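Note: the block below is structure01.cif and it holds mmCIF, C-alpha atoms.
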data_query
#
loop_
_atom_site.label_atom_id
_atom_site.label_comp_id
_atom_site.auth_asym_id
_atom_site.auth_seq_id
_atom_site.Cartn_x
_atom_site.Cartn_y
_atom_site.Cartn_z
CA MET A 104 -11.97 45.56 28.12
CA PRO A 105 -11.99 42.21 29.94
CA TYR A 106 -8.35 41.35 29.39
CA GLN A 107 -8.20 38.71 32.13
CA PHE A 108 -11.21 36.92 30.62
CA LEU A 109 -9.59 37.02 27.17
CA ALA A 110 -6.30 35.76 28.61
CA ASP A 111 -8.11 32.86 30.28
CA ALA A 112 -9.89 32.12 26.98
CA VAL A 113 -6.54 32.04 25.13
CA LEU A 114 -5.18 29.71 27.81
CA LEU A 115 -8.13 27.35 27.30
CA VAL A 116 -7.64 27.44 23.52
CA HIS A 117 -3.95 26.67 24.09
CA PHE A 118 -4.92 23.73 26.29
CA GLY A 119 -7.27 22.54 23.53
CA VAL A 120 -4.44 22.67 20.99
CA VAL A 121 -2.21 20.64 23.32
CA LEU A 122 -4.99 18.06 23.73
CA PHE A 123 -5.49 17.94 19.96
CA VAL A 124 -1.79 17.36 19.29
CA LEU A 125 -1.34 14.72 21.99
CA GLY A 126 -4.75 13.13 21.69
CA GLY A 127 -4.61 13.16 17.90
CA LEU A 128 -1.73 10.70 17.81
CA VAL A 129 -3.39 8.50 20.43
CA ALA A 130 -6.63 8.60 18.40
CA VAL A 131 -4.82 7.62 15.18
CA VAL A 132 -3.09 4.62 16.73
CA ALA A 133 -6.03 3.45 18.85
CA GLY A 134 -8.57 4.25 16.15
CA ASN A 135 -6.77 2.17 13.57
CA ARG A 136 -6.66 -0.74 15.97
CA LEU A 137 -10.39 -0.30 16.70
CA SER A 138 -11.36 0.29 13.03
CA TRP A 139 -12.48 3.90 13.48
CA ARG A 140 -12.57 5.32 9.97
CA TRP A 141 -12.57 8.99 10.96
CA VAL A 142 -9.02 8.84 12.36
CA ASN A 143 -7.66 8.45 8.83
CA ASP A 144 -9.70 11.29 7.39
CA TRP A 145 -7.39 13.43 5.27
CA GLY A 146 -8.49 16.72 6.86
CA PHE A 147 -8.03 15.47 10.43
CA ARG A 148 -4.62 14.01 9.69
CA LEU A 149 -3.43 17.08 7.80
CA ALA A 150 -4.56 19.41 10.60
CA HIS A 151 -2.81 17.20 13.15
CA LEU A 152 0.41 17.08 11.16
CA ALA A 153 0.33 20.85 10.58
CA ALA A 154 -0.12 21.46 14.31
CA ILE A 155 2.90 19.40 15.37
CA VAL A 156 5.05 20.75 12.52
CA PHE A 157 4.23 24.29 13.70
CA VAL A 158 5.15 23.41 17.30
CA VAL A 159 8.45 21.83 16.24
CA ALA A 160 9.33 24.72 13.93
CA GLN A 161 8.70 27.24 16.72
CA ALA A 162 10.89 25.20 19.08
CA TRP A 163 13.74 24.84 16.59
CA LEU A 164 13.60 28.57 15.83
CA GLY A 165 13.72 29.36 19.55
CA ARG A 166 10.39 31.20 19.48
CA HIS A 167 7.59 31.19 22.00
CA CYS A 168 4.20 29.87 20.99
CA PRO A 169 2.05 32.75 19.68
CA LEU A 170 -0.72 31.72 22.07
CA THR A 171 1.64 32.06 25.04
CA THR A 172 2.77 35.45 23.76
CA LEU A 173 -0.83 36.63 23.30
CA GLU A 174 -1.87 35.38 26.71
CA SER A 175 1.08 37.14 28.37
CA TRP A 176 0.26 40.40 26.57
CA LEU A 177 -3.39 40.17 27.64
CA ARG A 178 -2.37 39.56 31.25
CA LEU A 179 -0.09 42.61 31.17
CA GLN A 180 -2.98 44.69 29.75
CA ALA A 181 -5.12 43.46 32.66
CA GLY A 182 -2.50 44.81 35.07
CA GLU A 183 -1.24 41.38 36.05
CA SER A 184 2.17 39.86 35.78
CA SER A 185 2.39 37.71 32.69
CA TYR A 186 1.07 34.78 34.74
CA GLY A 187 -1.50 35.81 37.33
CA TRP A 188 -3.57 33.29 39.23
CA SER A 189 -7.19 33.06 38.12
CA PHE A 190 -8.91 29.74 38.75
CA ILE A 191 -8.74 28.63 35.12
CA GLU A 192 -5.18 29.75 34.71
CA HIS A 193 -4.02 28.05 37.90
CA TRP A 194 -5.22 24.60 36.86
CA VAL A 195 -4.59 24.72 33.13
CA GLN A 196 -1.07 26.08 33.57
CA ARG A 197 -0.20 23.28 35.93
CA LEU A 198 -1.12 20.85 33.18
CA ILE A 199 0.63 22.44 30.19
CA TYR A 200 3.54 24.52 31.47
CA TYR A 201 6.63 22.90 32.92
CA GLU A 202 9.99 24.23 34.02
CA ALA A 203 12.86 22.72 32.03
CA PRO A 204 15.63 23.91 29.71
CA SER A 205 14.35 24.78 26.23
CA TRP A 206 16.37 21.99 24.60
CA VAL A 207 14.29 19.44 26.54
CA PHE A 208 11.11 20.76 24.93
CA THR A 209 12.69 20.93 21.47
CA LEU A 210 13.80 17.31 21.79
CA ALA A 211 10.40 16.18 23.10
CA TYR A 212 8.51 18.00 20.33
CA THR A 213 10.85 16.59 17.69
CA VAL A 214 10.49 13.02 18.97
CA PHE A 215 6.72 13.45 19.07
CA ALA A 216 6.73 14.77 15.48
CA VAL A 217 8.72 11.70 14.39
CA LEU A 218 6.04 9.53 16.03
CA VAL A 219 3.35 11.43 14.10
CA LEU A 220 5.26 10.85 10.86
CA LEU A 221 5.60 7.15 11.69
CA ALA A 222 1.83 7.05 12.22
CA TRP A 223 1.39 8.60 8.73
CA TRP A 224 3.53 5.82 7.31
CA ARG A 225 1.94 3.00 9.33
CA PHE A 226 -1.66 4.30 9.11
CA PRO A 227 -1.80 6.47 5.97
CA PRO A 228 -4.66 8.97 5.74
CA ARG A 229 -7.38 8.18 3.24
CA ARG A 230 -9.69 10.35 1.24
CA ARG A 231 -13.38 9.71 1.63
CA PRO A 232 -15.13 8.01 -1.29
CA GLY A 233 -16.16 10.65 -3.75
CA GLN A 234 -13.41 13.12 -2.84
CA ASN A 235 -11.45 14.21 -5.87
CA SER A 236 -7.76 13.49 -5.39
CA ASP A 237 -6.90 16.22 -7.94
CA ALA A 238 -8.48 19.01 -5.87
#

Let me see whether you can do it: turn the structure in this file into structure tokens.
Amino acid sequence: MPYQFLADAVLLVHFGVVLFVLGGLVAVVAGNRLSWRWVNDWGFRLAHLAAIVFVVAQAWLGRHCPLTTLESWLRLQAGESSYGWSFIEHWVQRLIYYEAPSWVFTLAYTVFAVLVLLAWWRFPPRRRPGQNSDA
């Protein structure tokens, strides 16, 4: 089985999640200033909030991200150390993995989550016309 390929795919998905969480808040703030209606779509905002709440909960519980755990397991199955050096891995890891005490990440994630909640308050999500609010 192509474990290294799967590990690289998980790493790219992880990078996509990071971009969604960070870029989502930027999109909400910038989009509201530029009158982009989609940034206040209920589904987008709920998915964004759920993503950051999951990240913060994992950090507060002292758990590793499941994507990191899966990627490490796949790399071990491929006969690598948990972080080998494929091309994709080399560049994506430099962007999303940093060395710091865990409390630094917990604090950063928590502050970011507070910013997301402030964005919910300042730019509340809206249902599209025709969506039933009872559903």

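Across A:Trp163, A:Trp176, A:Phe108, A:Trp139, the tightest approach to Tyr212 (chain A) is made by A:Trp163 when counting only C-alpha atoms.
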
Just so the selection is clear, what residues does the PyMOL selection byres ((chain A and resi 219) around 12) cover here, as number ranges by chain?
-> A: 124-132, 148-156, 159, 212-218, 220-228

Choose the residue, out of A:Ala181, A:Val158, A:Leu164, A:Leu170, that has the smallest atom-to-atom separation from Val116 (chain A); count all atoms listed in the file.
->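 Answer, going by the shortest atom-to-atom distance: A:Leu170.
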
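Among the candidate residues A:Pro169, A:Gly182, A:Pro105, A:Gly146, the one lying nearest to Arg230 (chain A) is A:Gly146, with distances computed using all atoms listed in the file.
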
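One finds CA of Ala160 (chain A) at 11.8 Å from CA of Phe208 (chain A).
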